[in-house]
$ cat coords19.txt   # compact mmCIF, N, CA and C atoms
# COMPACT_ATOMS: atom_id res chain seq x y z
N MET A 1 -12.32 65.91 14.12
CA MET A 1 -13.05 64.66 14.12
C MET A 1 -12.93 64.05 12.73
N ARG A 2 -12.76 62.73 12.71
CA ARG A 2 -12.67 62.03 11.44
C ARG A 2 -14.06 61.89 10.82
N GLU A 3 -14.08 61.46 9.57
CA GLU A 3 -15.35 61.28 8.88
C GLU A 3 -16.23 60.24 9.55
N ASP A 4 -15.62 59.25 10.21
CA ASP A 4 -16.41 58.21 10.87
C ASP A 4 -16.92 58.63 12.25
N GLY A 5 -16.70 59.89 12.63
CA GLY A 5 -17.22 60.40 13.89
C GLY A 5 -16.29 60.21 15.07
N LYS A 6 -15.13 59.58 14.88
CA LYS A 6 -14.19 59.40 15.98
C LYS A 6 -13.36 60.67 16.16
N TYR A 7 -13.09 60.99 17.41
CA TYR A 7 -12.23 62.13 17.71
C TYR A 7 -10.78 61.67 17.65
N ARG A 8 -9.93 62.51 17.06
CA ARG A 8 -8.51 62.17 16.89
C ARG A 8 -7.71 62.86 17.99
N VAL A 9 -6.95 62.05 18.73
CA VAL A 9 -6.15 62.55 19.85
C VAL A 9 -4.68 62.28 19.56
N LEU A 10 -3.85 63.31 19.71
CA LEU A 10 -2.40 63.14 19.63
C LEU A 10 -1.88 63.00 21.05
N VAL A 11 -1.19 61.88 21.31
CA VAL A 11 -0.61 61.63 22.63
C VAL A 11 0.89 61.50 22.44
N VAL A 12 1.65 62.23 23.27
CA VAL A 12 3.10 62.24 23.15
C VAL A 12 3.72 61.97 24.52
N ASP A 13 4.57 60.93 24.58
CA ASP A 13 5.31 60.64 25.81
C ASP A 13 6.55 59.86 25.41
N ASP A 14 7.69 60.20 26.01
CA ASP A 14 8.93 59.52 25.64
C ASP A 14 9.14 58.20 26.38
N GLU A 15 8.24 57.86 27.29
CA GLU A 15 8.30 56.54 27.95
C GLU A 15 7.35 55.61 27.21
N ALA A 16 7.90 54.60 26.53
CA ALA A 16 7.11 53.73 25.67
C ALA A 16 5.96 53.05 26.40
N SER A 17 6.19 52.58 27.62
CA SER A 17 5.13 51.87 28.34
C SER A 17 3.99 52.81 28.73
N VAL A 18 4.34 54.04 29.09
CA VAL A 18 3.32 55.03 29.44
C VAL A 18 2.52 55.41 28.20
N LEU A 19 3.22 55.62 27.09
CA LEU A 19 2.58 55.97 25.83
C LEU A 19 1.60 54.88 25.40
N LEU A 20 2.03 53.63 25.50
CA LEU A 20 1.16 52.50 25.15
C LEU A 20 -0.08 52.47 26.04
N THR A 21 0.10 52.71 27.31
CA THR A 21 -1.03 52.72 28.24
C THR A 21 -2.04 53.81 27.87
N TYR A 22 -1.55 55.03 27.64
CA TYR A 22 -2.44 56.12 27.23
C TYR A 22 -3.20 55.75 25.96
N ARG A 23 -2.47 55.23 24.98
CA ARG A 23 -3.10 54.88 23.70
C ARG A 23 -4.19 53.84 23.88
N LEU A 24 -3.90 52.78 24.63
CA LEU A 24 -4.90 51.71 24.82
C LEU A 24 -6.12 52.21 25.57
N ILE A 25 -5.92 53.01 26.60
CA ILE A 25 -7.05 53.56 27.37
C ILE A 25 -7.95 54.40 26.47
N LEU A 26 -7.34 55.26 25.67
CA LEU A 26 -8.14 56.14 24.80
C LEU A 26 -8.82 55.36 23.68
N GLU A 27 -8.13 54.41 23.08
CA GLU A 27 -8.74 53.60 22.02
C GLU A 27 -9.92 52.80 22.56
N GLN A 28 -9.79 52.31 23.77
CA GLN A 28 -10.89 51.56 24.40
C GLN A 28 -12.14 52.43 24.55
N GLN A 29 -11.94 53.73 24.66
CA GLN A 29 -13.05 54.66 24.80
C GLN A 29 -13.57 55.17 23.45
N GLY A 30 -12.99 54.69 22.36
CA GLY A 30 -13.49 55.04 21.04
C GLY A 30 -12.77 56.18 20.34
N TYR A 31 -11.65 56.62 20.89
CA TYR A 31 -10.87 57.67 20.24
C TYR A 31 -9.95 57.09 19.17
N ASP A 32 -9.66 57.88 18.15
CA ASP A 32 -8.63 57.56 17.16
C ASP A 32 -7.35 58.19 17.70
N VAL A 33 -6.37 57.37 18.04
CA VAL A 33 -5.18 57.87 18.73
C VAL A 33 -3.95 57.78 17.83
N VAL A 34 -3.22 58.88 17.77
CA VAL A 34 -1.91 58.89 17.15
C VAL A 34 -0.92 59.06 18.30
N ALA A 35 -0.08 58.05 18.53
CA ALA A 35 0.85 58.05 19.65
C ALA A 35 2.27 58.27 19.13
N CYS A 36 2.98 59.24 19.73
CA CYS A 36 4.34 59.57 19.31
C CYS A 36 5.26 59.56 20.52
N GLY A 37 6.48 59.06 20.32
CA GLY A 37 7.44 58.96 21.41
C GLY A 37 8.42 60.11 21.49
N THR A 38 8.40 61.02 20.50
CA THR A 38 9.32 62.16 20.52
C THR A 38 8.60 63.41 20.03
N ALA A 39 9.17 64.56 20.36
CA ALA A 39 8.61 65.83 19.87
C ALA A 39 8.70 65.88 18.35
N ARG A 40 9.80 65.40 17.80
CA ARG A 40 9.96 65.42 16.33
C ARG A 40 8.89 64.60 15.65
N GLU A 41 8.65 63.38 16.17
CA GLU A 41 7.60 62.52 15.62
C GLU A 41 6.24 63.22 15.68
N ALA A 42 5.97 63.84 16.82
CA ALA A 42 4.68 64.50 17.02
C ALA A 42 4.50 65.67 16.05
N ILE A 43 5.54 66.47 15.89
CA ILE A 43 5.45 67.63 14.99
C ILE A 43 5.29 67.16 13.54
N THR A 44 5.96 66.07 13.18
CA THR A 44 5.76 65.49 11.84
C THR A 44 4.32 65.03 11.67
N ALA A 45 3.77 64.37 12.70
CA ALA A 45 2.37 63.90 12.63
C ALA A 45 1.42 65.09 12.48
N ILE A 46 1.70 66.16 13.19
CA ILE A 46 0.86 67.37 13.09
C ILE A 46 0.92 67.92 11.67
N ASP A 47 2.12 67.96 11.11
CA ASP A 47 2.28 68.49 9.75
C ASP A 47 1.60 67.61 8.71
N GLU A 48 1.57 66.29 8.96
CA GLU A 48 1.04 65.35 7.97
C GLU A 48 -0.44 65.01 8.15
N GLN A 49 -0.96 65.11 9.36
CA GLN A 49 -2.36 64.75 9.63
C GLN A 49 -3.29 65.88 9.22
N GLN A 50 -4.54 65.52 8.95
CA GLN A 50 -5.53 66.54 8.65
C GLN A 50 -5.72 67.44 9.86
N SER A 51 -6.02 66.84 10.99
CA SER A 51 -6.21 67.63 12.20
C SER A 51 -6.33 66.71 13.41
N PHE A 52 -6.14 67.29 14.57
CA PHE A 52 -6.36 66.60 15.83
C PHE A 52 -7.42 67.37 16.60
N ASP A 53 -8.14 66.67 17.46
CA ASP A 53 -9.14 67.32 18.30
C ASP A 53 -8.56 67.72 19.64
N VAL A 54 -7.55 66.98 20.10
CA VAL A 54 -6.92 67.23 21.40
C VAL A 54 -5.46 66.80 21.33
N VAL A 55 -4.60 67.53 22.05
CA VAL A 55 -3.20 67.13 22.19
C VAL A 55 -2.93 66.89 23.68
N LEU A 56 -2.42 65.70 23.99
CA LEU A 56 -2.00 65.35 25.34
C LEU A 56 -0.51 65.05 25.26
N CYS A 57 0.30 65.83 25.97
CA CYS A 57 1.74 65.73 25.75
C CYS A 57 2.52 65.78 27.06
N ASP A 58 3.46 64.86 27.18
CA ASP A 58 4.39 64.89 28.29
C ASP A 58 5.14 66.22 28.25
N TYR A 59 5.45 66.78 29.41
CA TYR A 59 6.16 68.06 29.44
C TYR A 59 7.62 67.87 29.00
N SER A 60 8.30 66.90 29.60
CA SER A 60 9.73 66.72 29.36
C SER A 60 9.94 65.62 28.32
N LEU A 61 10.45 66.01 27.16
CA LEU A 61 10.66 65.06 26.07
C LEU A 61 12.15 64.93 25.76
N GLU A 62 12.47 64.25 24.69
CA GLU A 62 13.86 63.96 24.34
C GLU A 62 14.65 65.23 24.04
N GLU A 63 15.96 65.16 24.28
CA GLU A 63 16.90 66.20 23.89
C GLU A 63 16.44 67.62 24.25
N GLN A 64 15.98 67.80 25.45
CA GLN A 64 15.57 69.11 25.95
C GLN A 64 14.33 69.69 25.29
N HIS A 65 13.63 68.90 24.48
CA HIS A 65 12.36 69.36 23.91
C HIS A 65 11.29 69.30 24.99
N THR A 66 10.26 70.14 24.83
CA THR A 66 9.16 70.13 25.81
C THR A 66 7.82 70.00 25.10
N GLY A 67 6.82 69.68 25.90
CA GLY A 67 5.47 69.60 25.39
C GLY A 67 4.96 70.92 24.83
N PHE A 68 5.50 72.03 25.33
CA PHE A 68 5.08 73.34 24.81
C PHE A 68 5.38 73.45 23.30
N GLU A 69 6.50 72.88 22.87
CA GLU A 69 6.86 72.93 21.44
C GLU A 69 5.83 72.18 20.59
N VAL A 70 5.43 71.02 21.06
CA VAL A 70 4.45 70.20 20.33
C VAL A 70 3.10 70.92 20.28
N ILE A 71 2.68 71.44 21.41
CA ILE A 71 1.38 72.13 21.48
C ILE A 71 1.41 73.39 20.60
N SER A 72 2.52 74.12 20.62
CA SER A 72 2.63 75.31 19.76
C SER A 72 2.52 74.93 18.29
N ALA A 73 3.15 73.82 17.89
CA ALA A 73 3.06 73.37 16.50
C ALA A 73 1.61 73.02 16.13
N ALA A 74 0.91 72.35 17.05
CA ALA A 74 -0.49 72.00 16.80
C ALA A 74 -1.36 73.26 16.70
N ARG A 75 -1.05 74.25 17.52
CA ARG A 75 -1.86 75.47 17.52
C ARG A 75 -1.55 76.39 16.34
N LYS A 76 -0.46 76.16 15.65
CA LYS A 76 -0.21 76.90 14.41
C LYS A 76 -1.26 76.50 13.37
N ARG A 77 -1.64 75.22 13.40
CA ARG A 77 -2.66 74.73 12.46
C ARG A 77 -4.06 75.02 12.96
N SER A 78 -4.24 74.96 14.28
CA SER A 78 -5.56 75.14 14.88
C SER A 78 -5.40 75.93 16.18
N PRO A 79 -5.51 77.26 16.13
CA PRO A 79 -5.20 78.10 17.28
C PRO A 79 -5.99 77.78 18.56
N GLU A 80 -7.17 77.21 18.44
CA GLU A 80 -7.97 76.91 19.63
C GLU A 80 -7.81 75.47 20.10
N MET A 81 -6.76 74.78 19.65
CA MET A 81 -6.55 73.37 19.98
C MET A 81 -6.51 73.14 21.49
N PRO A 82 -7.44 72.31 22.02
CA PRO A 82 -7.36 71.96 23.44
C PRO A 82 -6.11 71.11 23.68
N ALA A 83 -5.41 71.39 24.76
CA ALA A 83 -4.17 70.67 25.03
C ALA A 83 -3.93 70.57 26.53
N ALA A 84 -3.22 69.50 26.90
CA ALA A 84 -2.82 69.33 28.30
C ALA A 84 -1.42 68.77 28.35
N LEU A 85 -0.65 69.25 29.32
CA LEU A 85 0.65 68.67 29.62
C LEU A 85 0.46 67.56 30.63
N LEU A 86 1.19 66.47 30.42
CA LEU A 86 1.18 65.35 31.35
C LEU A 86 2.56 65.33 31.99
N THR A 87 2.63 65.55 33.30
CA THR A 87 3.94 65.69 33.91
C THR A 87 3.97 65.18 35.35
N GLY A 88 5.14 64.75 35.74
CA GLY A 88 5.34 64.32 37.11
C GLY A 88 6.05 65.38 37.94
N TYR A 89 6.56 66.40 37.27
CA TYR A 89 7.37 67.38 38.00
C TYR A 89 7.36 68.76 37.36
N ALA A 90 6.21 69.37 37.31
CA ALA A 90 6.12 70.73 36.78
C ALA A 90 6.50 71.73 37.87
N THR A 91 7.30 72.70 37.50
CA THR A 91 7.62 73.78 38.43
C THR A 91 6.47 74.79 38.41
N LYS A 92 6.51 75.73 39.35
CA LYS A 92 5.50 76.78 39.36
C LYS A 92 5.57 77.59 38.06
N ASP A 93 6.79 77.83 37.57
CA ASP A 93 6.95 78.57 36.31
C ASP A 93 6.29 77.82 35.15
N THR A 94 6.48 76.50 35.11
CA THR A 94 5.86 75.69 34.06
C THR A 94 4.35 75.75 34.16
N ALA A 95 3.84 75.61 35.37
CA ALA A 95 2.39 75.66 35.58
C ALA A 95 1.83 77.03 35.20
N ASP A 96 2.55 78.09 35.55
CA ASP A 96 2.11 79.45 35.20
C ASP A 96 2.12 79.66 33.69
N GLU A 97 3.17 79.16 33.03
CA GLU A 97 3.25 79.29 31.58
C GLU A 97 2.10 78.52 30.91
N ALA A 98 1.84 77.31 31.39
CA ALA A 98 0.75 76.51 30.84
C ALA A 98 -0.58 77.25 31.00
N SER A 99 -0.81 77.78 32.19
CA SER A 99 -2.05 78.50 32.46
C SER A 99 -2.20 79.71 31.55
N SER A 100 -1.11 80.45 31.36
CA SER A 100 -1.18 81.65 30.52
C SER A 100 -1.43 81.31 29.05
N ARG A 101 -1.09 80.09 28.65
CA ARG A 101 -1.31 79.65 27.27
C ARG A 101 -2.61 78.87 27.11
N GLY A 102 -3.37 78.72 28.18
CA GLY A 102 -4.61 77.96 28.10
C GLY A 102 -4.38 76.47 27.95
N ILE A 103 -3.31 75.97 28.57
CA ILE A 103 -2.95 74.56 28.50
C ILE A 103 -3.20 73.94 29.86
N GLY A 104 -3.93 72.84 29.89
CA GLY A 104 -4.18 72.13 31.15
C GLY A 104 -2.95 71.35 31.58
N ILE A 105 -2.95 70.94 32.84
CA ILE A 105 -1.87 70.09 33.35
C ILE A 105 -2.50 68.92 34.10
N MET A 106 -2.01 67.71 33.80
CA MET A 106 -2.37 66.53 34.57
C MET A 106 -1.07 66.00 35.17
N PHE A 107 -1.08 65.80 36.49
CA PHE A 107 0.13 65.38 37.18
C PHE A 107 0.18 63.86 37.29
N LYS A 108 1.34 63.31 36.88
CA LYS A 108 1.57 61.86 36.96
C LYS A 108 1.86 61.49 38.41
N PRO A 109 1.49 60.32 38.87
CA PRO A 109 0.70 59.34 38.13
C PRO A 109 -0.75 59.82 37.99
N ILE A 110 -1.29 59.67 36.80
CA ILE A 110 -2.63 60.16 36.49
C ILE A 110 -3.64 59.04 36.67
N GLU A 111 -4.67 59.33 37.44
CA GLU A 111 -5.75 58.37 37.60
C GLU A 111 -6.49 58.22 36.27
N ILE A 112 -6.86 57.01 35.91
CA ILE A 112 -7.54 56.76 34.64
C ILE A 112 -8.81 57.59 34.52
N ASP A 113 -9.60 57.65 35.58
CA ASP A 113 -10.84 58.43 35.52
C ASP A 113 -10.57 59.90 35.24
N GLU A 114 -9.55 60.46 35.88
CA GLU A 114 -9.19 61.87 35.65
C GLU A 114 -8.72 62.06 34.21
N PHE A 115 -7.89 61.15 33.74
CA PHE A 115 -7.36 61.21 32.38
C PHE A 115 -8.49 61.21 31.36
N LEU A 116 -9.44 60.30 31.52
CA LEU A 116 -10.56 60.21 30.58
C LEU A 116 -11.51 61.39 30.71
N ALA A 117 -11.79 61.80 31.93
CA ALA A 117 -12.71 62.93 32.13
C ALA A 117 -12.13 64.22 31.56
N THR A 118 -10.85 64.44 31.77
CA THR A 118 -10.20 65.65 31.25
C THR A 118 -10.18 65.63 29.72
N THR A 119 -9.84 64.48 29.14
CA THR A 119 -9.80 64.36 27.68
C THR A 119 -11.20 64.59 27.10
N SER A 120 -12.19 63.96 27.69
CA SER A 120 -13.57 64.10 27.21
C SER A 120 -14.04 65.54 27.32
N SER A 121 -13.69 66.20 28.41
CA SER A 121 -14.08 67.59 28.62
C SER A 121 -13.45 68.49 27.56
N MET A 122 -12.18 68.26 27.24
CA MET A 122 -11.52 69.07 26.22
C MET A 122 -12.16 68.85 24.85
N VAL A 123 -12.50 67.61 24.52
CA VAL A 123 -13.15 67.31 23.24
C VAL A 123 -14.52 67.98 23.18
N ARG A 124 -15.27 67.91 24.28
CA ARG A 124 -16.60 68.54 24.32
C ARG A 124 -16.50 70.05 24.11
N ARG A 125 -15.55 70.69 24.80
CA ARG A 125 -15.38 72.14 24.64
C ARG A 125 -15.04 72.50 23.21
N LYS A 126 -14.15 71.73 22.59
CA LYS A 126 -13.78 72.02 21.21
C LYS A 126 -14.99 71.80 20.30
N ASN A 127 -15.73 70.71 20.54
CA ASN A 127 -16.90 70.40 19.72
C ASN A 127 -17.96 71.50 19.85
N GLU A 128 -18.18 71.98 21.07
CA GLU A 128 -19.16 73.05 21.29
C GLU A 128 -18.74 74.33 20.58
N SER A 129 -17.45 74.66 20.63
CA SER A 129 -17.01 75.89 19.96
C SER A 129 -17.09 75.72 18.45
N ASN A 130 -16.84 74.52 17.93
CA ASN A 130 -16.99 74.27 16.49
C ASN A 130 -18.44 74.40 16.06
N GLN A 131 -19.37 73.90 16.88
CA GLN A 131 -20.79 73.99 16.54
C GLN A 131 -21.24 75.44 16.51
N LYS A 132 -20.74 76.25 17.43
CA LYS A 132 -21.07 77.68 17.43
C LYS A 132 -20.54 78.34 16.17
N GLY A 133 -19.42 77.79 15.66
CA GLY A 133 -18.83 78.33 14.45
C GLY A 133 -19.45 77.77 13.18
N GLY A 134 -20.45 76.91 13.30
CA GLY A 134 -21.15 76.41 12.14
C GLY A 134 -20.80 74.99 11.74
N GLU A 135 -19.82 74.37 12.43
CA GLU A 135 -19.48 73.00 12.10
C GLU A 135 -20.35 72.05 12.91
N LYS A 136 -20.64 70.89 12.31
CA LYS A 136 -21.41 69.88 13.01
C LYS A 136 -20.46 68.91 13.68
N GLY A 137 -20.93 68.29 14.77
CA GLY A 137 -20.11 67.31 15.46
C GLY A 137 -20.94 66.39 16.30
N ASN A 138 -20.33 65.32 16.75
CA ASN A 138 -20.99 64.37 17.63
C ASN A 138 -20.53 64.60 19.06
N PRO A 139 -21.31 64.14 20.03
CA PRO A 139 -20.85 64.29 21.41
C PRO A 139 -19.59 63.47 21.66
N ALA A 140 -18.84 63.87 22.68
CA ALA A 140 -17.62 63.16 23.02
C ALA A 140 -17.96 61.75 23.50
N PRO A 141 -17.02 60.82 23.32
CA PRO A 141 -17.25 59.47 23.83
C PRO A 141 -17.53 59.51 25.32
N GLN A 142 -18.36 58.60 25.77
CA GLN A 142 -18.69 58.53 27.18
C GLN A 142 -17.54 57.93 27.96
N THR A 143 -17.35 58.39 29.19
CA THR A 143 -16.25 57.88 30.01
C THR A 143 -16.85 57.08 31.16
N GLY A 144 -17.16 55.84 30.91
CA GLY A 144 -17.69 54.98 31.95
C GLY A 144 -16.70 54.82 33.07
N ASN A 145 -17.09 54.25 34.16
CA ASN A 145 -16.21 54.05 35.31
C ASN A 145 -15.24 52.92 35.00
N GLN A 146 -14.02 53.27 34.63
CA GLN A 146 -13.03 52.30 34.22
C GLN A 146 -12.12 51.85 35.36
N GLY A 147 -12.18 52.55 36.52
CA GLY A 147 -11.42 52.17 37.71
C GLY A 147 -10.01 52.14 37.45
$ encode --input "coords19.txt" --output "structure tokens"
Amino acid sequence: MREDGKYRVLVVDDEASVLLTYRLILEQQGYDVVACGTAREAITAIDEQQSFDVVLCDYSLEEQHTGFEVISAARKRSPEMPAALLTGYATKDTADEASSRGIGIMFKPIEIDEFLATTSSMVRRKNESNQKGGEKGNPAPQTGNQG
């Protein structure tokens, strides 16, 4: 969480229009969003940013890169980082791997309400675990009915 109380979300998708949509939806809900179109961009952002509260990442990225690489990079800095893969075509193996790593999956096309509820839930869980660890935090942004 930033000093101003906003939660920072890293969103990664190689489709520019989808990435823009995710960013606008989250910003409208009060999140600080860093949007990246490639795994390389995202990993650079992870290396340069103080921290993220949640990572939302497309599974299939440029040049055979995957969302698992981005999430692994984020978890090197913060092992308990809440994360979800956003995908239109996950195999059972991909879903099993995500589950074994504690990574959620949202299947495209993603309903806005599901997207916001899942993001808010991940932020709340991280915030609750931080509070148990002695850090203070604010509640997650509310997810009104955006339809």
$ atom_distance --input "coords19.txt" --atom1 "CA of Glu3 (chain A)" --atom2 "CA of Glu114 (chain A)"
27.5 Å
$ closest_residue --input "coords19.txt" --among "A:Asp13, A:Pro82, A:Gly102, A:Gly30" --to "Tyr59 (chain A)" --atoms "all atoms listed in the file"
A:Asp13
$ closest_residue --input "coords19.txt" --among "A:Ser51, A:Thr21, A:Thr94, A:Gln64" --to "Pro79 (chain A)" --atoms "only C-alpha atoms"
A:Ser51
$ select_by_dssp --input "coords19.txt" --residues "region 30-82 of chain A" --states "helix (DSSP H, G or I)" --output "count of residues only"
24
$ closest_residue --input "coords19.txt" --among "A:Leu26, A:Ala83, A:Leu61, A:Ala39" --to "Leu116 (chain A)" --atoms "all atoms listed in the file"
A:Leu26
$ residues_around --input "coords19.txt" --residues "Ala42 (chain A)" --least-positions-apart "3" --cutoff "8 Å" --atoms "all atoms listed in the file" --output "tab-separated table (two decimals) with N, CA and C atoms, in the coordinates of the input"
chain	number	residue	atom	x	y	z
A	10	LEU	N	-3.85	63.31	19.71
A	10	LEU	CA	-2.40	63.14	19.63
A	10	LEU	C	-1.88	63.00	21.05
A	11	VAL	N	-1.19	61.88	21.31
A	11	VAL	CA	-0.61	61.63	22.63
A	11	VAL	C	0.89	61.50	22.44
A	12	VAL	N	1.65	62.23	23.27
A	12	VAL	CA	3.10	62.24	23.15
A	12	VAL	C	3.72	61.97	24.52
A	34	VAL	N	-3.22	58.88	17.77
A	34	VAL	CA	-1.91	58.89	17.15
A	34	VAL	C	-0.92	59.06	18.30
A	35	ALA	N	-0.08	58.05	18.53
A	35	ALA	CA	0.85	58.05	19.65
A	35	ALA	C	2.27	58.27	19.13
A	36	CYS	N	2.98	59.24	19.73
A	36	CYS	CA	4.34	59.57	19.31
A	36	CYS	C	5.26	59.56	20.52
A	37	GLY	N	6.48	59.06	20.32
A	37	GLY	CA	7.44	58.96	21.41
A	37	GLY	C	8.42	60.11	21.49
A	38	THR	N	8.40	61.02	20.50
A	38	THR	CA	9.32	62.16	20.52
A	38	THR	C	8.60	63.41	20.03
A	39	ALA	N	9.17	64.56	20.36
A	39	ALA	CA	8.61	65.83	19.87
A	39	ALA	C	8.70	65.88	18.35
A	45	ALA	N	3.77	64.37	12.70
A	45	ALA	CA	2.37	63.90	12.63
A	45	ALA	C	1.42	65.09	12.48
A	46	ILE	N	1.70	66.16	13.19
A	46	ILE	CA	0.86	67.37	13.09
A	46	ILE	C	0.92	67.92	11.67
A	47	ASP	N	2.12	67.96	11.11
A	47	ASP	CA	2.28	68.49	9.75
A	47	ASP	C	1.60	67.61	8.71
A	48	GLU	N	1.57	66.29	8.96
A	48	GLU	CA	1.04	65.35	7.97
A	48	GLU	C	-0.44	65.01	8.15
A	70	VAL	N	5.43	71.02	21.06
A	70	VAL	CA	4.45	70.20	20.33
A	70	VAL	C	3.10	70.92	20.28
A	73	ALA	N	3.15	73.82	17.89
A	73	ALA	CA	3.06	73.37	16.50
A	73	ALA	C	1.61	73.02	16.13
A	74	ALA	N	0.91	72.35	17.05
A	74	ALA	CA	-0.49	72.00	16.80
A	74	ALA	C	-1.36	73.26	16.70
$ closest_residue --input "coords19.txt" --among "A:Asp53, A:Glu69, A:Ser99, A:Lys108" --to "Glu128 (chain A)" --atoms "only C-alpha atoms"
A:Asp53
$ closest_residue --input "coords19.txt" --among "A:Glu41, A:Glu27, A:Asp58, A:Glu80" --to "Tyr7 (chain A)" --atoms "only C-alpha atoms"
A:Glu27
$ select_by_dssp --input "coords19.txt" --residues "chain A" --states "strand (DSSP E or B)" --output "PyMOL selection string"
chain A and resi 8-12+32-36+54-58+60+66+83-87+104-107
$ atom_distance --input "coords19.txt" --atom1 "CA of Ile110 (chain A)" --atom2 "atom N of Met81 (chain A)"
22.7 Å
$ atom_distance --input "coords19.txt" --atom1 "atom N of Glu15 (chain A)" --atom2 "atom C of Arg77 (chain A)"
25.5 Å
$ residues_around --input "coords19.txt" --residues "Val9 (chain A)" --least-positions-apart "6" --cutoff "7 Å" --atoms "only C-alpha atoms" --output "list in words"
Tyr31, Asp32, Val33, Val34, Phe52, Asp53, Val54 and Val55 of chain A
